Amino acid sequence: MAHDGPHIVPKSILLKVFGALIVLTGLTVGVAYVPLGPLTVPVALGIAGLKATLVVLFFMHLKYDNPVNALTFTIGTIFVVVFVTITLLDTAFRGDLGNVTAQTVQEIQAEQERAQQRQDAIPSDSLRIAPSDYPNQDRGASMESDEGS
Amino acid sequence: MATETAPAPTEREEAEHDHHPEHLQHHFVSSKQQFDSAKLGMWVFLITEVLLFSGMFVAYAVFRQWNPDVFAAASGTLDQAMGAANTVVLLTSSLTVALAIHAIKQDRVQRCIYYLLGTLGLAGGFMVVKYFEYMAKFEHGVFPGAAFDPHGAHYEHLAEMTAAPQFFSIYFVMTGIHGVHVIIGMIVIGVLALMAWRGSFSSEWYTPVELTGLYWHLVDIVWIFLFPLLYLI
Amino acid sequence: MSTTTQDAPVEQAGPDEEETNYLNHETSIWSWLTTKDHKRIGVLYCISLAVVFLVAGVLALLMRAELSGSGQTLMGNDTYNQVFTMHGILMVFLFLVPSIPAILGNFVLPLQIGAKDVAFPRLNLASWYVYLAGAAFTITALLTGGVDTGWTFYTPYSASTGGGVLWMTSAIFVAGFANIFTGLNFIVTIHKMRAPGMTWNRLPLFVWGMYATSIVQVLATPVIGITMVLLILEQTLQIGIFDPALGGDPVLFQHFFWFYSHPAVYIMILPAFGILSELIATFSRSRIFGYRAIALSSVAIAMLGFLVWGHHMFVSGQSAISSIVFSLITYLIGIPSGIKVFNWVATLYKGSIWLQTPMLYALGFLFMFTIGGFTGIMVGVLSVDVHLHDTYYVVGHFHYVMMGGSVVALLGGMHYWWPKITGRMYNETLGKIAAGLVFVGFNLTFFPQLVLGARGMPRRYANYAERFAGLHQLSTVGSQILGLGLFLILGYALWSLAYGEKAPANPWGATTLEWTNTTAVPIHHNFERIPLVTRGPYDFHLADEVFGGGDGEALSDDVPQIPDPAPSAPSETDPTESAGV
């Protein structure tokens, strides 16, 4: 682009952006001493994001540049967000199948014992199936006759 | 089926062919194409850098989310004043690089060299501050990994915290890799200053200055995020 | 191909020995080692990757030989662990990930878009050297005790085993840069180096495939870089990020690893999709059906591919909510893949199918990739995967995609572009026989593995219960047939280099620039004159803009028509001829 006369960001804009960056740095340090509770991290990241945006747009010239460069950078940033968010989706909810506690294990064991007792209470002979239990010993034949009827 | 072979080079090609700038490589049609390609290539490279750092940011996010109190306490032992000073130093160096590009676009080579040297000096300053920070930590047994053994009034309470070694591992790896990038940047900027002094650059061709500027701003951006995450919250 | 005796279209001195081309304009070894010509770098990559494929393939044959009977037959358990680990690492990181982009992408892509070279030729050469450095590190890893962690390097095992792992992780870190360089180069080349008139809608689909691949390479590879760095630090400094004994989280390692390695699957398969589109269009002599759908579904797969990595971790102890989300997104991948297969089949429909060797591979791909895709959906189902995880079912599934998909497409592509790369034809009969052997051998090897896995055979064991013996032996026999087919290809490829028939400039009657506008073997600067593109990539009928977009069928002659590249196309081919079919 050199000989077509490159786009030059005026020096005044560069200096103004630099001033804004310094002010924002002061702000983020100041905010760190204010108890914001759960907002601490979002505020710090928000200010950092704002600073980064200023650097990208003006120092890195992206505001005046070929859109494909901006697209490239945006896609890269999106995938960082994807990486962080989806990983946190796991780690923030790790162990969310919360039914497996020491108590659950005890309950399951107790249930198994009760089942065992119930089974023991029934005389095992009454459960045994003997060939004579079936009305017709020749199963194939019986089915055939069923079909025939 | 109607693919034609271009009957003759276009006018611009012809023009380029006549005076054929020495920096123009044979496989490009024009200087503009070459410059745009280099720039897009640099942006693609920058997103690989972003993704490289993203891994460490993920590690940070995960461990911070599991141990918010430990991370707050451990981050309290870092020197905020030095961190803030370094932030200002890096921001200033970003400005000087931007001004160096500003100067070379107007053929002010001398000024460009001064700005580049200024950037180099600021980057050196950043590394010096970093050195003192690291040394202050090492003196009190605050190392990454297995050697982590904090002692001294300011650090003792870290010894009982479960995830404190993780915080400092992440701190040292993140700032360490960032530091490596700063050093690489310093080498490149030094070479650029030398090339500019030899008269390699002009408003006709200043691609390396432009690309290094982009790289340097990215190093700055990474620090913009590292500073609050590690030092402040 | 011997049926096409028409003269090469571009002004060309005939198959003259004196004619200079990229192969003979300089011949010293030094000129090859310092070349910045994308074509030569493609050839260099081809040779290196062939060596890696040979080594990794022999390892696979050894594994199958060990599994030819239960109990110890050939090697001990520890050796077996090292063998399957090296097979996986070599195949994935040093063969499949670079394969199609580095060989065919490098050679074909600039030709297809009408460029003199890639945007950064020096970076391209650097990529090859960095790759070699990665290979050297791998050899060092072997010499320093080997690696037996499996190709996934799961912590804590990989953080605590011996010296080889350190070298191996460094090798992967280094080799990653080779891929980044290639991907970066291709993105910029496609954006900035297209010939006049080569709009995005006129890009051959191979270029679209390479574009999507490059996006994935650039976005994913840095993450494996940082993962390997952290793993190295874990080993050397015990930084405690991944090792549970030090307070780290092993599942976090799996997140890091699969954030790269799942998209890496798409690095392997997307270029294969690209090749397939070329083969199907050329050998059915019909315009590709749904050009835009195929092109954009590649990009969609590239993007969606980043959102599903957790389906490798359903039984790793990640949270149930993320398992569910990952499972759901995994189903979505089936949509663009299905769109592609549908479009390819629709292209075949009523086309004049010409069953040359590359087309046999393309049809084989359709069959095997479909099986690979369906089994993929099945293991993507959360509840099913709990049962199938770490069984031979998974092994079968990913081999159907990686080998039956990527490698088969690569073989098809190599046959297709072989005349352009070497200037020689291969033996068509042997080619068909080999394609048959590969198809039969592959399915015989891996279909039994799907059954084995469904019956509960776990992967990564040197031994198995007696009841699995029959299927295992079947699989072993299959692997030997597959190996035979691949060695046959190697044999006739080498033979063709020396004795093959001279190839014409466009033996297949293809319509993309690398066939229509170059000499039989391209010259050093690719084109005598930079082409001016006035049509889409697959206009086997006459160009839209000339004849109003009639939906022309392929010419029904058995003899393929060579599209005429000359500007006077309308008078040469009577429009009624194609319309009347």
# chains A, B, ... in the order shown; residues from 1 in each chain; ligands from 1

$ select_by_dssp --residues "chain B" --states "alpha helix (DSSP H)" --output "PyMOL selection string"
chain B and resi 11-19+31-66+68-76+80-105+109-139+164-197+207-226

$ interface_residues --of "chain B" --to "chain C" --cutoff "9 Å" --atoms "only C-alpha atoms" --output "VMD selection string"
chain B and resid 1 to 9 26 to 29 33 to 34 36 to 38 40 to 42 44 to 45 47 to 56 58 to 59 62 to 63 144 to 147 162 to 163 165 to 166 168 to 170 173

$ residues_around --residues "Pro208 of chain B" --least-positions-apart "6" --cutoff "12 Å" --atoms "only C-alpha atoms" --output "list in words"
His23, Phe35, Ala38, Lys39, Met42, Ala100, Ile101, Ile104, Val188, Ile189, Val191, Leu192, Ala193, Met195, Ala196, Ser200, Phe201, Ser202, Leu214, Tyr215 and Trp216 of chain B

$ closest_residue --among "B:Arg64, B:Arg111, B:His140, B:Lys105" --to "chain A" --atoms "only C-alpha atoms"
B:Lys105

$ interface_residues --of "chain A" --to "chain C" --cutoff "12 Å" --atoms "only C-alpha atoms" --output "short mmCIF file (atom, residue, chain, number, x, y, z; two decimals) with C-alpha atoms, in the first residue's frame"
data_model
loop_
_atom_site.label_atom_id
_atom_site.label_comp_id
_atom_site.auth_asym_id
_atom_site.auth_seq_id
_atom_site.Cartn_x
_atom_site.Cartn_y
_atom_site.Cartn_z
CA ASN A 66 -8.84 -4.28 5.40
CA VAL A 68 -10.54 -9.38 6.49
CA ASN A 69 -7.88 -8.62 9.10
CA THR A 72 -9.43 -12.83 11.39
CA PHE A 73 -8.81 -11.27 14.75
CA THR A 74 -12.46 -11.49 15.75
CA ILE A 75 -12.64 -15.19 14.94
CA GLY A 76 -9.51 -15.80 16.99
CA THR A 77 -11.01 -13.98 19.95
CA ILE A 78 -14.30 -15.85 19.65
CA PHE A 79 -12.50 -19.17 19.89
CA VAL A 80 -10.67 -18.08 23.03
CA VAL A 81 -14.07 -17.33 24.56
CA VAL A 82 -15.37 -20.71 23.38
CA PHE A 83 -12.38 -22.48 24.91
CA VAL A 84 -12.73 -20.75 28.28
CA THR A 85 -16.52 -20.97 28.48
CA ILE A 86 -16.95 -24.60 27.54
CA THR A 87 -14.12 -25.73 29.79
CA LEU A 88 -15.70 -23.83 32.65
CA LEU A 89 -19.00 -25.50 31.83
CA ASP A 90 -17.30 -28.69 32.96
CA THR A 91 -15.19 -27.48 35.86
CA ALA A 92 -17.89 -25.26 37.37
CA PHE A 93 -20.34 -28.16 37.50
CA ARG A 94 -17.87 -30.96 38.18
CA GLY A 95 -19.57 -33.73 40.13
CA ASP A 96 -23.07 -32.47 39.34
CA LEU A 97 -24.35 -36.02 39.48
CA GLY A 98 -24.60 -35.28 43.18
#

$ residues_around --residues "Leu230 of chain B" --least-positions-apart "4" --cutoff "12 Å" --atoms "only C-alpha atoms" --output "ChimeraX atom specification"
/A:32,41,44-45 /B:57,60-61,64,71-80,83-84,167-175,222-226

$ closest_residue --among "B:Asp220, B:Glu204, B:Glu210, B:Glu22" --to "chain A" --atoms "only C-alpha atoms"
B:Glu204

$ closest_residue --among "B:Lys32, B:Gln25, B:Met127, B:Ala85" --to "chain A" --atoms "only C-alpha atoms"
B:Lys32

$ atom_distance --atom1 "atom CA of Gly26 of chain A" --atom2 "atom CA of Phe138 of chain B"
28.4 Å

$ closest_residue --among "B:Leu232, B:Val180, B:Leu194, B:Val219" --to "chain A" --atoms "only C-alpha atoms"
B:Leu232

$ closest_residue --among "B:Leu122, B:Asn86, B:Glu133, B:Pro68" --to "Gly37 of chain A" --atoms "only C-alpha atoms"
B:Pro68

$ closest_residue --among "B:Ile113, B:Ala98, B:Val89, B:Met161" --to "chain A" --atoms "only C-alpha atoms"
B:Ala98

$ residues_around --residues "Val23 of chain A" --least-positions-apart "4" --cutoff "12 Å" --atoms "only C-alpha atoms" --output "JSON list (two decimals) with all heavy atoms, in the first residue's frame"
[["chain", "number", "residue", "atom", "x", "y", "z"],
["A", 16, "LYS", "N", -4.06, 10.72, 22.14],
["A", 16, "LYS", "CA", -5.31, 10.66, 22.91],
["A", 16, "LYS", "C", -5.58, 9.23, 23.37],
["A", 16, "LYS", "O", -5.98, 9.00, 24.51],
["A", 16, "LYS", "CB", -6.48, 11.14, 22.04],
["A", 16, "LYS", "CG", -6.67, 12.64, 22.07],
["A", 16, "LYS", "CD", -7.87, 13.01, 21.20],
["A", 16, "LYS", "CE", -7.74, 14.45, 20.71],
["A", 16, "LYS", "NZ", -8.57, 14.70, 19.53],
["A", 17, "VAL", "N", -5.37, 8.27, 22.48],
["A", 17, "VAL", "CA", -5.59, 6.88, 22.85],
["A", 17, "VAL", "C", -4.65, 6.48, 23.98],
["A", 17, "VAL", "O", -5.05, 5.82, 24.94],
["A", 17, "VAL", "CB", -5.37, 5.96, 21.62],
["A", 17, "VAL", "CG1", -5.32, 4.51, 22.02],
["A", 17, "VAL", "CG2", -6.48, 6.18, 20.61],
["A", 18, "PHE", "N", -3.40, 6.91, 23.87],
["A", 18, "PHE", "CA", -2.45, 6.60, 24.92],
["A", 18, "PHE", "C", -2.93, 7.18, 26.25],
["A", 18, "PHE", "O", -2.90, 6.50, 27.29],
["A", 18, "PHE", "CB", -1.07, 7.16, 24.55],
["A", 18, "PHE", "CG", -0.04, 6.97, 25.63],
["A", 18, "PHE", "CD1", 0.42, 5.69, 25.93],
["A", 18, "PHE", "CD2", 0.46, 8.05, 26.34],
["A", 18, "PHE", "CE1", 1.36, 5.50, 26.91],
["A", 18, "PHE", "CE2", 1.41, 7.86, 27.34],
["A", 18, "PHE", "CZ", 1.86, 6.59, 27.62],
["A", 19, "GLY", "N", -3.40, 8.43, 26.21],
["A", 19, "GLY", "CA", -3.92, 9.05, 27.43],
["A", 19, "GLY", "C", -5.06, 8.23, 28.02],
["A", 19, "GLY", "O", -5.09, 7.93, 29.22],
["A", 27, "LEU", "N", -7.70, 3.59, 36.55],
["A", 27, "LEU", "CA", -9.05, 3.20, 36.98],
["A", 27, "LEU", "C", -9.07, 1.76, 37.47],
["A", 27, "LEU", "O", -9.62, 1.44, 38.53],
["A", 27, "LEU", "CB", -10.01, 3.37, 35.80],
["A", 27, "LEU", "CG", -11.49, 3.10, 36.10],
["A", 27, "LEU", "CD1", -12.00, 4.13, 37.09],
["A", 27, "LEU", "CD2", -12.31, 3.12, 34.83],
["A", 28, "THR", "N", -8.42, 0.87, 36.72],
["A", 28, "THR", "CA", -8.50, -0.53, 37.10],
["A", 28, "THR", "C", -7.76, -0.78, 38.41],
["A", 28, "THR", "O", -8.17, -1.61, 39.22],
["A", 28, "THR", "CB", -7.98, -1.43, 35.95],
["A", 28, "THR", "OG1", -8.32, -2.77, 36.24],
["A", 28, "THR", "CG2", -6.50, -1.36, 35.76],
["A", 29, "VAL", "N", -6.67, -0.03, 38.65],
["A", 29, "VAL", "CA", -5.98, -0.17, 39.93],
["A", 29, "VAL", "C", -6.89, 0.37, 41.04],
["A", 29, "VAL", "O", -7.06, -0.27, 42.09],
["A", 29, "VAL", "CB", -4.64, 0.59, 39.93],
["A", 29, "VAL", "CG1", -4.02, 0.58, 41.31],
["A", 29, "VAL", "CG2", -3.70, -0.05, 38.92],
["A", 30, "GLY", "N", -7.50, 1.52, 40.80],
["A", 30, "GLY", "CA", -8.38, 2.11, 41.80],
["A", 30, "GLY", "C", -9.54, 1.21, 42.15],
["A", 30, "GLY", "O", -9.85, 0.98, 43.32],
["A", 47, "ILE", "N", -12.65, -3.56, 31.89],
["A", 47, "ILE", "CA", -11.70, -2.46, 31.65],
["A", 47, "ILE", "C", -10.56, -2.95, 30.76],
["A", 47, "ILE", "O", -10.16, -2.27, 29.80],
["A", 47, "ILE", "CB", -11.17, -1.91, 32.99],
["A", 47, "ILE", "CG1", -12.32, -1.29, 33.78],
["A", 47, "ILE", "CG2", -10.08, -0.89, 32.74],
["A", 47, "ILE", "CD1", -11.93, -0.80, 35.15],
["A", 48, "ALA", "N", -10.05, -4.16, 31.06],
["A", 48, "ALA", "CA", -8.95, -4.70, 30.24],
["A", 48, "ALA", "C", -9.42, -4.86, 28.79],
["A", 48, "ALA", "O", -8.67, -4.54, 27.86],
["A", 48, "ALA", "CB", -8.48, -6.04, 30.80],
["A", 50, "LEU", "N", -11.69, -3.15, 27.26],
["A", 50, "LEU", "CA", -11.78, -1.82, 26.66],
["A", 50, "LEU", "C", -10.41, -1.33, 26.21],
["A", 50, "LEU", "O", -10.23, -0.81, 25.10],
["A", 50, "LEU", "CB", -12.40, -0.86, 27.68],
["A", 50, "LEU", "CG", -12.83, 0.52, 27.19],
["A", 50, "LEU", "CD1", -13.85, 0.36, 26.07],
["A", 50, "LEU", "CD2", -13.42, 1.31, 28.34],
["A", 51, "LYS", "N", -9.42, -1.52, 27.10],
["A", 51, "LYS", "CA", -8.06, -1.10, 26.75],
["A", 51, "LYS", "C", -7.56, -1.86, 25.52],
["A", 51, "LYS", "O", -7.00, -1.28, 24.58],
["A", 51, "LYS", "CB", -7.11, -1.37, 27.93],
["A", 51, "LYS", "CG", -7.27, -0.38, 29.08],
["A", 51, "LYS", "CD", -6.63, -0.90, 30.36],
["A", 51, "LYS", "CE", -5.11, -0.81, 30.31],
["A", 51, "LYS", "NZ", -4.52, -1.31, 31.57],
["B", 84, "ALA", "N", 1.86, -2.21, 38.09],
["B", 84, "ALA", "CA", 1.26, -1.01, 37.47],
["B", 84, "ALA", "C", 2.32, -0.25, 36.68],
["B", 84, "ALA", "O", 2.07, 0.20, 35.55],
["B", 84, "ALA", "CB", 0.65, -0.12, 38.54],
["B", 87, "THR", "N", 2.91, -1.92, 33.52],
["B", 87, "THR", "CA", 1.81, -1.68, 32.58],
["B", 87, "THR", "C", 2.02, -0.37, 31.84],
["B", 87, "THR", "O", 1.90, -0.31, 30.61],
["B", 87, "THR", "CB", 0.47, -1.65, 33.32],
["B", 87, "THR", "OG1", 0.39, -2.79, 34.15],
["B", 87, "THR", "CG2", -0.69, -1.65, 32.36],
["B", 88, "VAL", "N", 2.34, 0.67, 32.61],
["B", 88, "VAL", "CA", 2.55, 1.97, 31.99],
["B", 88, "VAL", "C", 3.74, 1.91, 31.02],
["B", 88, "VAL", "O", 3.68, 2.44, 29.90],
["B", 88, "VAL", "CB", 2.77, 3.05, 33.07],
["B", 88, "VAL", "CG1", 3.14, 4.37, 32.43],
["B", 88, "VAL", "CG2", 1.52, 3.19, 33.92],
["B", 91, "LEU", "N", 2.60, 0.14, 27.86],
["B", 91, "LEU", "CA", 1.68, 0.99, 27.09],
["B", 91, "LEU", "C", 2.47, 2.07, 26.36],
["B", 91, "LEU", "O", 2.21, 2.37, 25.19],
["B", 91, "LEU", "CB", 0.64, 1.62, 28.01],
["B", 91, "LEU", "CG", -0.46, 0.68, 28.53],
["B", 91, "LEU", "CD1", -1.35, 1.42, 29.52],
["B", 91, "LEU", "CD2", -1.29, 0.16, 27.38]]

$ residues_around --residues "Ile353 of chain C" --least-positions-apart "2" --cutoff "7 Å" --atoms "only C-alpha atoms" --output "MDAnalysis selection string"
chainID C and resid 283:285 351 355

$ write_last_selection --atoms "all heavy atoms" --output "mmCIF file, in the first residue's frame"
data_model
loop_
_atom_site.group_PDB
_atom_site.id
_atom_site.type_symbol
_atom_site.label_atom_id
_atom_site.label_comp_id
_atom_site.auth_asym_id
_atom_site.auth_seq_id
_atom_site.Cartn_x
_atom_site.Cartn_y
_atom_site.Cartn_z
ATOM 1 N N PHE C 283 -14.662 -37.424 -12.581
ATOM 2 C CA PHE C 283 -14.876 -38.761 -13.123
ATOM 3 C C PHE C 283 -16.347 -39.088 -13.334
ATOM 4 O O PHE C 283 -16.677 -40.185 -13.762
ATOM 5 C CB PHE C 283 -14.197 -39.808 -12.246
ATOM 6 C CG PHE C 283 -12.713 -39.737 -12.352
ATOM 7 C CD1 PHE C 283 -11.967 -39.024 -11.429
ATOM 8 C CD2 PHE C 283 -12.066 -40.332 -13.415
ATOM 9 C CE1 PHE C 283 -10.597 -38.929 -11.543
ATOM 10 C CE2 PHE C 283 -10.688 -40.240 -13.538
ATOM 11 C CZ PHE C 283 -9.951 -39.537 -12.606
ATOM 12 N N SER C 284 -17.251 -38.183 -12.980
ATOM 13 C CA SER C 284 -18.616 -38.395 -13.443
ATOM 14 C C SER C 284 -18.960 -37.343 -14.485
ATOM 15 O O SER C 284 -20.086 -37.284 -14.957
ATOM 16 C CB SER C 284 -19.600 -38.386 -12.274
ATOM 17 O OG SER C 284 -19.518 -37.163 -11.607
ATOM 18 N N ARG C 285 -17.988 -36.551 -14.824
ATOM 19 C CA ARG C 285 -18.109 -35.550 -15.872
ATOM 20 C C ARG C 285 -19.380 -34.730 -15.733
ATOM 21 O O ARG C 285 -20.068 -34.465 -16.693
ATOM 22 C CB ARG C 285 -18.098 -36.201 -17.261
ATOM 23 C CG ARG C 285 -17.198 -37.403 -17.378
ATOM 24 C CD ARG C 285 -16.499 -37.458 -18.683
ATOM 25 N NE ARG C 285 -15.579 -36.346 -18.802
ATOM 26 C CZ ARG C 285 -14.417 -36.269 -18.168
ATOM 27 N NH1 ARG C 285 -14.058 -37.210 -17.350
ATOM 28 N NH2 ARG C 285 -13.633 -35.233 -18.329
ATOM 29 N N GLY C 351 -24.511 -38.899 -14.036
ATOM 30 C CA GLY C 351 -23.222 -38.501 -14.591
ATOM 31 C C GLY C 351 -22.688 -39.633 -15.460
ATOM 32 O O GLY C 351 -23.174 -40.753 -15.421
ATOM 33 N N LEU C 355 -14.802 -45.230 -14.475
ATOM 34 C CA LEU C 355 -14.232 -45.928 -13.326
ATOM 35 C C LEU C 355 -12.718 -46.090 -13.437
ATOM 36 O O LEU C 355 -12.216 -47.195 -13.568
ATOM 37 C CB LEU C 355 -14.907 -47.287 -13.162
ATOM 38 C CG LEU C 355 -16.327 -47.232 -12.601
ATOM 39 C CD1 LEU C 355 -16.924 -48.620 -12.554
ATOM 40 C CD2 LEU C 355 -16.350 -46.613 -11.216
#

$ residues_around --residues "Gln356 of chain C" --least-positions-apart "6" --cutoff "12 Å" --atoms "only C-alpha atoms" --output "list of chain:residue names"
C:Met1, C:Ser2, C:Thr3, C:Leu279, C:Ile280, C:Thr282, C:Phe283, C:Ser284, C:Ala362, C:Leu363, C:Gly412, C:His415, C:Tyr416, C:Tyr426, C:Asn427, C:Glu428, C:Thr429, C:Leu430, C:Gly431, C:Lys432, C:Ile433, C:Ala435, C:Pro507, C:Trp508, C:Pro560

$ write_last_selection --atoms "C-alpha atoms" --output "tab-separated table (two decimals), in the first residue's frame"
chain	number	residue	atom	x	y	z
C	1	MET	CA	-6.18	-42.74	-19.53
C	2	SER	CA	-4.51	-44.26	-22.46
C	3	THR	CA	-7.68	-43.63	-24.43
C	279	LEU	CA	-12.63	-36.72	-8.10
C	280	ILE	CA	-16.40	-37.09	-8.16
C	282	THR	CA	-14.10	-35.08	-12.85
C	283	PHE	CA	-14.88	-38.76	-13.12
C	284	SER	CA	-18.62	-38.39	-13.44
C	362	ALA	CA	-13.66	-41.97	-4.33
C	363	LEU	CA	-16.49	-44.50	-4.35
C	412	GLY	CA	-7.26	-41.27	-4.74
C	415	HIS	CA	-3.40	-41.23	-8.32
C	416	TYR	CA	-5.36	-38.32	-9.73
C	426	TYR	CA	0.88	-45.32	-13.42
C	427	ASN	CA	-0.27	-48.76	-14.49
C	428	GLU	CA	-4.04	-48.59	-14.55
C	429	THR	CA	-4.65	-52.32	-14.17
C	430	LEU	CA	-2.38	-52.63	-11.17
C	431	GLY	CA	-3.98	-49.46	-9.83
C	432	LYS	CA	-7.41	-51.02	-9.95
C	433	ILE	CA	-6.18	-54.24	-8.39
C	435	ALA	CA	-7.66	-50.22	-5.02
C	507	PRO	CA	-5.25	-37.13	-18.97
C	508	TRP	CA	-8.57	-37.02	-17.13
C	560	PRO	CA	-13.65	-38.18	-22.10

$ atom_distance --atom1 "atom CA of Lys137 of chain B" --atom2 "atom CA of Pro244 of chain C"
25.0 Å

$ decode --residues "segment 498-539 of chain C" --atoms "C-alpha atoms" --output "mmCIF file, in the first residue's frame"
data_model
loop_
_atom_site.group_PDB
_atom_site.id
_atom_site.type_symbol
_atom_site.label_atom_id
_atom_site.label_comp_id
_atom_site.auth_asym_id
_atom_site.auth_seq_id
_atom_site.Cartn_x
_atom_site.Cartn_y
_atom_site.Cartn_z
ATOM 1 C CA ALA C 498 11.200 -44.804 -14.170
ATOM 2 C CA TYR C 499 9.229 -46.581 -16.863
ATOM 3 C CA GLY C 500 5.748 -45.082 -16.797
ATOM 4 C CA GLU C 501 4.136 -43.857 -19.964
ATOM 5 C CA LYS C 502 4.541 -40.096 -20.479
ATOM 6 C CA ALA C 503 1.453 -38.319 -19.287
ATOM 7 C CA PRO C 504 -0.440 -35.816 -21.437
ATOM 8 C CA ALA C 505 -1.232 -32.438 -19.919
ATOM 9 C CA ASN C 506 -4.783 -33.373 -19.040
ATOM 10 C CA PRO C 507 -5.254 -37.134 -18.971
ATOM 11 C CA TRP C 508 -8.573 -37.017 -17.129
ATOM 12 C CA GLY C 509 -10.243 -34.238 -19.074
ATOM 13 C CA ALA C 510 -10.543 -32.226 -15.912
ATOM 14 C CA THR C 511 -11.537 -28.581 -15.949
ATOM 15 C CA THR C 512 -9.534 -26.993 -13.168
ATOM 16 C CA LEU C 513 -6.596 -24.738 -13.943
ATOM 17 C CA GLU C 514 -3.825 -27.134 -12.976
ATOM 18 C CA TRP C 515 -4.969 -29.414 -15.828
ATOM 19 C CA THR C 516 -6.148 -26.974 -18.446
ATOM 20 C CA ASN C 517 -3.572 -24.230 -18.275
ATOM 21 C CA THR C 518 -0.259 -25.888 -17.544
ATOM 22 C CA THR C 519 2.099 -28.108 -19.446
ATOM 23 C CA ALA C 520 2.159 -31.849 -18.680
ATOM 24 C CA VAL C 521 4.653 -31.207 -15.930
ATOM 25 C CA PRO C 522 4.223 -27.622 -14.780
ATOM 26 C CA ILE C 523 7.019 -25.201 -15.452
ATOM 27 C CA HIS C 524 8.907 -23.558 -12.610
ATOM 28 C CA HIS C 525 6.588 -20.552 -12.467
ATOM 29 C CA ASN C 526 3.493 -22.701 -13.001
ATOM 30 C CA PHE C 527 1.934 -20.781 -15.894
ATOM 31 C CA GLU C 528 3.341 -19.317 -19.061
ATOM 32 C CA ARG C 529 0.865 -16.552 -18.450
ATOM 33 C CA ILE C 530 -1.316 -16.002 -15.453
ATOM 34 C CA PRO C 531 -4.738 -17.351 -16.428
ATOM 35 C CA LEU C 532 -7.775 -15.133 -16.638
ATOM 36 C CA VAL C 533 -10.663 -17.082 -15.157
ATOM 37 C CA THR C 534 -14.076 -16.627 -16.691
ATOM 38 C CA ARG C 535 -15.971 -19.691 -15.504
ATOM 39 C CA GLY C 536 -16.627 -21.916 -12.524
ATOM 40 C CA PRO C 537 -14.422 -24.874 -11.696
ATOM 41 C CA TYR C 538 -16.618 -27.711 -12.936
ATOM 42 C CA ASP C 539 -18.171 -26.411 -16.122
#
